[in-house]
Amino acid sequence: MQSNQAKPFSAYQLREDFPALAQSVNGVPLVYLDSAATSQKPRSVIQSICRYYENDNANVHRGVHALSERATAAYENARGRAAKFFGAEAQEIVFTRGATEGVNLLANTLKKRVLGEGKTILLTEMEHHSNIVPWQMVAQETGAVIRYIPVVPETGMLDEDEAKRLFAGGVAIFSCTHISNTLGTVNPVQSLCAWAREAGAVSIIDAAQSAGHRKVDVREIGCDFLVCSGHKMCGPMGVGVLYGEGSLLQDLPPWQGGGEMISRVTYEGSTWNKAPHKFEAGTPNVEGAIGLHAAMDYLDAVGREEIRLHDALLVREAMGVLSSFPGVRIFGPVDESGEHAGVVSFALPGIHAHDVVTLADSHGIALRGGHHCNQPLMKKLGVPATARASFYFYNTEEDVEALRCSVEKIMRMFSKL
């Protein structure tokens, strides 16, 4: 797999590319089911970062010596690779620290263009805090109001009729997650962005949970902006991508000031560089971009459609296993009415999610427990927290069986208390 040549899909073979998966935890082989929080990294990504630091470490865009030129070429090649990955142009790609910084950048630049007293920011009830809190901050500053497309608790899907009604009422900014990090719901982003366009709204898609799991093409989606985090798609932490449609991105003012984002500086004032560089103040995360480049190569070699299908297969098996236990509650789409991505959140009867994940860890299984940065959604669902298993292409059917055995042990343990 390290050659980045396409091979028949085999999770058993692919997991050999991930050093972290070879370890044992608490005396048993690790079963990593927390990829929605962060994915593991293949050797090709780790090695690309090591090669950069061993051979090409230099600041970019600021020197004419060999190392600087090589570092600059590698950094800009990563930008071009990201553009190809998302179906965009290189000048439409801004490197950020992750999806959170991408949303904050947009909130703090768009507010100067489209927000004001009484203007509507439309979100959904399943948004991550990173796609709620920045908008709350700018709404308080500008006098804009935030409205939410409801989630139907029984299905875990958006109320599309209510969405159409909210768009018809007038919207300035629409920002929506592609895949819910708690429910696993795959939102109909093409339709939502089309409704936003008809309403004259700027559309933003949070692709943190989708970018590494399926094809994400910004032209097909029809969004104005899109954000994602590298660390959830086999890349390093501390780097992400912000896509912005060319003319819209160019029209936005810079968010942070410093080196590289300027064209000319005098004691009296400054003028700005062109997009995307006017949004990348200071020394960028060069090694992060290089690592992300390697991650995108790796994902395309595996095959993004193959990854999507594998995720769906494992999550269906996991949901079937979990539903076989009495009293277990599973959140999100549970039938054919809605697609379920590789995330399943569940609650065991009378057992707090933190107890579930602590005991699962003793069995060598890495789950996530808590509100998953979805506190408002948890309140609507009527639970303080959920346990969450999230799958990726390096997970296998044996991992699902390990989850079943762990849940069985936990249920048996609490039945005796």
# chains A, B, ... in the order shown; residues from 1 in each chain; ligands from 1
>>> residues_around(residues="Met261 of chain A", least_positions_apart="2", cutoff="10 Å", atoms="only C-alpha atoms", output="list in words")
Pro254, Trp255, Gln256, Gly257, Gly258, Gly259, Ser263, Arg264, Thr271, Trp272, Asn273, Lys274, Ala275, Pro276, His277, Lys278, Phe279, Glu280, Ala281 and Gly282 of chain A
>>> write_last_selection(atoms="C-alpha atoms", output="CSV table (one decimal), in the first residue's frame")
chain,number,residue,atom,x,y,z
A,254,PRO,CA,-8.2,38.9,5.9
A,255,TRP,CA,-8.8,37.6,9.4
A,256,GLN,CA,-5.3,37.7,10.9
A,257,GLY,CA,-2.4,40.0,10.2
A,258,GLY,CA,1.3,39.2,9.9
A,259,GLY,CA,3.9,38.0,7.4
A,263,SER,CA,1.4,42.8,-0.4
A,264,ARG,CA,3.0,46.0,0.9
A,271,THR,CA,-2.2,46.3,1.5
A,272,TRP,CA,-3.1,42.6,1.3
A,273,ASN,CA,-1.9,39.6,-0.7
A,274,LYS,CA,-4.3,37.8,-2.9
A,275,ALA,CA,-6.2,34.7,-1.8
A,276,PRO,CA,-5.4,32.2,-0.6
A,277,HIS,CA,-2.2,33.6,0.9
A,278,LYS,CA,-3.9,36.6,2.5
A,279,PHE,CA,-5.6,34.1,4.9
A,280,GLU,CA,-2.3,32.4,5.9
A,281,ALA,CA,-0.6,34.9,8.2
A,282,GLY,CA,2.8,33.9,9.6
>>> residues_around(residues="segment 16-26 of chain A", least_positions_apart="6", cutoff="9 Å", atoms="only C-alpha atoms", output="MDAnalysis selection string")
chainID A and resid 1:2 32 40:44 361:365 394
>>> write_last_selection(atoms="C-alpha atoms", output="tab-separated table (two decimals), in the first residue's frame")
chain	number	residue	atom	x	y	z
A	1	MET	CA	0.00	0.00	0.00
A	2	GLN	CA	2.92	2.33	0.62
A	32	TYR	CA	-9.43	1.23	17.78
A	40	GLN	CA	-4.63	6.70	12.95
A	41	LYS	CA	-1.77	7.59	10.59
A	42	PRO	CA	-0.19	5.32	7.97
A	43	ARG	CA	3.58	5.02	7.70
A	44	SER	CA	3.59	6.96	4.43
A	361	ASP	CA	-10.79	0.24	27.50
A	362	SER	CA	-10.01	-2.50	30.00
A	363	HIS	CA	-10.93	-4.91	27.18
A	364	GLY	CA	-8.54	-3.13	24.80
A	365	ILE	CA	-11.28	-1.26	22.93
A	394	TYR	CA	-8.63	-0.38	8.89
>>> residues_around(residues="Gly102 of chain A", least_positions_apart="5", cutoff="10 Å", atoms="only C-alpha atoms", output="list in words")
Val94, Phe95, Thr96, Arg97, Ala107, Ser130, Asn131, Asp206, Phe225, Leu226, Val227, Cys228, Ser229, Gly240, Val241, Leu242 and Tyr243 of chain A
>>> closest_residue(among="A:Ala74, A:Ile49, A:Ala88, A:Ile93", to="Gly235 of chain A", atoms="only C-alpha atoms")
A:Ile49
>>> residues_around(residues="Val328 of chain A", least_positions_apart="6", cutoff="8 Å", atoms="only C-alpha atoms", output="list in words")
Leu322, Phe346, Ala347, Leu348 and Pro349 of chain A
>>> write_last_selection(atoms="N, CA and C atoms", output="short mmCIF file (atom, residue, chain, number, x, y, z; two decimals), in the first residue's frame")
data_model
loop_
_atom_site.label_atom_id
_atom_site.label_comp_id
_atom_site.auth_asym_id
_atom_site.auth_seq_id
_atom_site.Cartn_x
_atom_site.Cartn_y
_atom_site.Cartn_z
N LEU A 322 -25.47 -4.43 18.54
CA LEU A 322 -25.92 -3.64 19.69
C LEU A 322 -27.42 -3.78 19.92
N PHE A 346 -24.58 4.95 21.12
CA PHE A 346 -25.53 4.07 21.80
C PHE A 346 -25.49 4.33 23.30
N ALA A 347 -26.55 3.91 23.96
CA ALA A 347 -26.65 4.00 25.42
C ALA A 347 -27.10 2.66 25.95
N LEU A 348 -26.34 2.13 26.92
CA LEU A 348 -26.72 0.89 27.56
C LEU A 348 -27.63 1.20 28.74
N PRO A 349 -28.64 0.39 28.98
CA PRO A 349 -29.63 0.72 30.02
C PRO A 349 -29.01 0.79 31.42
#
>>> residues_around(residues="segment 179-182 of chain A", least_positions_apart="6", cutoff="9 Å", atoms="only C-alpha atoms", output="PDB file with N, CA and C atoms, in the first residue's frame")
ATOM      1  N   ALA A  36     -13.645   8.794  14.587  1.00  0.00           N
ATOM      2  CA  ALA A  36     -14.370  10.055  14.439  1.00  0.00           C
ATOM      3  C   ALA A  36     -13.722  11.161  15.264  1.00  0.00           C
ATOM      4  N   ALA A  37     -12.983  10.770  16.311  1.00  0.00           N
ATOM      5  CA  ALA A  37     -12.246  11.758  17.101  1.00  0.00           C
ATOM      6  C   ALA A  37     -10.929  12.090  16.424  1.00  0.00           C
ATOM      7  N   MET A 126     -27.892  19.399  14.814  1.00  0.00           N
ATOM      8  CA  MET A 126     -26.890  18.366  15.021  1.00  0.00           C
ATOM      9  C   MET A 126     -25.459  18.890  14.865  1.00  0.00           C
ATOM     10  N   GLU A 127     -25.296  20.218  14.889  1.00  0.00           N
ATOM     11  CA  GLU A 127     -23.964  20.769  14.673  1.00  0.00           C
ATOM     12  C   GLU A 127     -23.023  20.526  15.848  1.00  0.00           C
ATOM     13  N   HIS A 128     -21.766  20.317  15.526  1.00  0.00           N
ATOM     14  CA  HIS A 128     -20.672  20.302  16.491  1.00  0.00           C
ATOM     15  C   HIS A 128     -20.554  21.695  17.091  1.00  0.00           C
ATOM     16  N   ASP A 206     -19.405  21.677   6.753  1.00  0.00           N
ATOM     17  CA  ASP A 206     -18.400  21.116   7.653  1.00  0.00           C
ATOM     18  C   ASP A 206     -18.198  19.660   7.247  1.00  0.00           C
ATOM     19  N   ALA A 207     -17.060  19.395   6.599  1.00  0.00           N
ATOM     20  CA  ALA A 207     -16.772  18.053   6.088  1.00  0.00           C
ATOM     21  C   ALA A 207     -15.788  17.302   6.970  1.00  0.00           C
ATOM     22  N   ALA A 208     -15.700  17.670   8.249  1.00  0.00           N
ATOM     23  CA  ALA A 208     -14.738  17.017   9.140  1.00  0.00           C
ATOM     24  C   ALA A 208     -14.934  15.515   9.192  1.00  0.00           C
ATOM     25  N   GLN A 209     -16.200  15.055   9.175  1.00  0.00           N
ATOM     26  CA  GLN A 209     -16.478  13.626   9.293  1.00  0.00           C
ATOM     27  C   GLN A 209     -16.646  12.935   7.946  1.00  0.00           C
ATOM     28  N   SER A 210     -16.591  13.683   6.866  1.00  0.00           N
ATOM     29  CA  SER A 210     -16.830  13.066   5.559  1.00  0.00           C
ATOM     30  C   SER A 210     -15.614  13.074   4.646  1.00  0.00           C
ATOM     31  N   PHE A 331     -28.735   5.641  18.397  1.00  0.00           N
ATOM     32  CA  PHE A 331     -29.109   6.966  17.916  1.00  0.00           C
ATOM     33  C   PHE A 331     -28.759   7.108  16.438  1.00  0.00           C
ATOM     34  N   GLY A 332     -29.566   7.914  15.737  1.00  0.00           N
ATOM     35  CA  GLY A 332     -29.323   8.132  14.322  1.00  0.00           C
ATOM     36  C   GLY A 332     -30.179   7.228  13.464  1.00  0.00           C
ATOM     37  N   HIS A 340     -26.503   5.798   6.988  1.00  0.00           N
ATOM     38  CA  HIS A 340     -25.795   5.878   8.257  1.00  0.00           C
ATOM     39  C   HIS A 340     -24.302   5.730   7.965  1.00  0.00           C
ATOM     40  N   ALA A 341     -23.513   6.753   8.253  1.00  0.00           N
ATOM     41  CA  ALA A 341     -22.065   6.682   8.066  1.00  0.00           C
ATOM     42  C   ALA A 341     -21.454   5.802   9.152  1.00  0.00           C
ATOM     43  N   VAL A 343     -20.390   5.744  12.032  1.00  0.00           N
ATOM     44  CA  VAL A 343     -20.445   6.198  13.423  1.00  0.00           C
ATOM     45  C   VAL A 343     -21.729   5.663  14.042  1.00  0.00           C
ATOM     46  N   VAL A 344     -21.626   5.023  15.201  1.00  0.00           N
ATOM     47  CA  VAL A 344     -22.836   4.591  15.894  1.00  0.00           C
ATOM     48  C   VAL A 344     -22.724   4.981  17.357  1.00  0.00           C
ATOM     49  N   SER A 345     -23.680   5.782  17.812  1.00  0.00           N
ATOM     50  CA  SER A 345     -23.759   6.177  19.215  1.00  0.00           C
ATOM     51  C   SER A 345     -24.847   5.355  19.880  1.00  0.00           C
ATOM     52  N   HIS A 371     -20.572  13.929  25.475  1.00  0.00           N
ATOM     53  CA  HIS A 371     -21.558  14.639  24.649  1.00  0.00           C
ATOM     54  C   HIS A 371     -21.039  14.905  23.244  1.00  0.00           C
ATOM     55  N   HIS A 372     -19.781  14.554  22.976  1.00  0.00           N
ATOM     56  CA  HIS A 372     -19.202  14.643  21.631  1.00  0.00           C
ATOM     57  C   HIS A 372     -19.289  16.060  21.044  1.00  0.00           C
ATOM     58  N   CYS A 373     -19.160  17.061  21.915  1.00  0.00           N
ATOM     59  CA  CYS A 373     -19.311  18.462  21.480  1.00  0.00           C
ATOM     60  C   CYS A 373     -20.652  18.684  20.801  1.00  0.00           C
ATOM     61  N   ASN A 374     -21.683  18.021  21.338  1.00  0.00           N
ATOM     62  CA  ASN A 374     -23.063  18.139  20.849  1.00  0.00           C
ATOM     63  C   ASN A 374     -24.009  18.322  22.027  1.00  0.00           C
ATOM     64  N   LEU A 377     -27.712  18.927  21.242  1.00  0.00           N
ATOM     65  CA  LEU A 377     -28.331  17.738  20.660  1.00  0.00           C
ATOM     66  C   LEU A 377     -28.597  16.692  21.736  1.00  0.00           C
ATOM     67  N   THR A 386     -23.512   9.748  25.342  1.00  0.00           N
ATOM     68  CA  THR A 386     -23.613   8.454  24.685  1.00  0.00           C
ATOM     69  C   THR A 386     -22.225   7.851  24.574  1.00  0.00           C
ATOM     70  N   ARG A 388     -19.772   5.965  21.870  1.00  0.00           N
ATOM     71  CA  ARG A 388     -19.712   6.050  20.413  1.00  0.00           C
ATOM     72  C   ARG A 388     -18.606   5.147  19.882  1.00  0.00           C
ATOM     73  N   SER A 390     -16.742   4.382  16.294  1.00  0.00           N
ATOM     74  CA  SER A 390     -16.595   4.929  14.940  1.00  0.00           C
ATOM     75  C   SER A 390     -15.577   4.098  14.169  1.00  0.00           C
TER      76      SER A 390
END
>>> select_by_dssp(residues="segment 280-383 of chain A", states="strand (DSSP E or B)", output="ChimeraX atom specification")
/A:329-331,340,343-347,365-366,368-370
>>> write_last_selection(atoms="N, CA and C atoms", output="short mmCIF file (atom, residue, chain, number, x, y, z; two decimals), in the first residue's frame")
data_model
loop_
_atom_site.label_atom_id
_atom_site.label_comp_id
_atom_site.auth_asym_id
_atom_site.auth_seq_id
_atom_site.Cartn_x
_atom_site.Cartn_y
_atom_site.Cartn_z
N ARG A 329 -30.21 1.60 23.47
CA ARG A 329 -30.75 2.64 22.60
C ARG A 329 -29.67 3.04 21.58
N ILE A 330 -30.02 3.01 20.31
CA ILE A 330 -29.12 3.41 19.23
C ILE A 330 -29.63 4.71 18.63
N PHE A 331 -28.73 5.64 18.40
CA PHE A 331 -29.11 6.97 17.92
C PHE A 331 -28.76 7.11 16.44
N HIS A 340 -26.50 5.80 6.99
CA HIS A 340 -25.80 5.88 8.26
C HIS A 340 -24.30 5.73 7.97
N VAL A 343 -20.39 5.74 12.03
CA VAL A 343 -20.45 6.20 13.42
C VAL A 343 -21.73 5.66 14.04
N VAL A 344 -21.63 5.02 15.20
CA VAL A 344 -22.84 4.59 15.89
C VAL A 344 -22.72 4.98 17.36
N SER A 345 -23.68 5.78 17.81
CA SER A 345 -23.76 6.18 19.21
C SER A 345 -24.85 5.35 19.88
N PHE A 346 -24.58 4.95 21.12
CA PHE A 346 -25.53 4.07 21.80
C PHE A 346 -25.49 4.33 23.30
N ALA A 347 -26.55 3.91 23.96
CA ALA A 347 -26.65 4.00 25.42
C ALA A 347 -27.10 2.66 25.95
N ILE A 365 -10.48 -1.92 23.96
CA ILE A 365 -11.28 -1.26 22.93
C ILE A 365 -11.34 0.23 23.19
N ALA A 366 -10.99 1.01 22.19
CA ALA A 366 -11.02 2.47 22.29
C ALA A 366 -12.33 2.98 21.74
N ARG A 368 -15.43 6.28 22.41
CA ARG A 368 -15.55 7.65 22.89
C ARG A 368 -16.84 7.74 23.70
N GLY A 369 -16.79 8.42 24.83
CA GLY A 369 -17.98 8.61 25.64
C GLY A 369 -18.12 10.05 26.08
N GLY A 370 -19.34 10.57 26.02
CA GLY A 370 -19.58 11.95 26.43
C GLY A 370 -20.62 12.60 25.55
#
>>> residues_around(residues="Val286 of chain A", least_positions_apart="5", cutoff="8 Å", atoms="only C-alpha atoms", output="JSON, numbers by chain")
{"A": [60, 71, 75]}
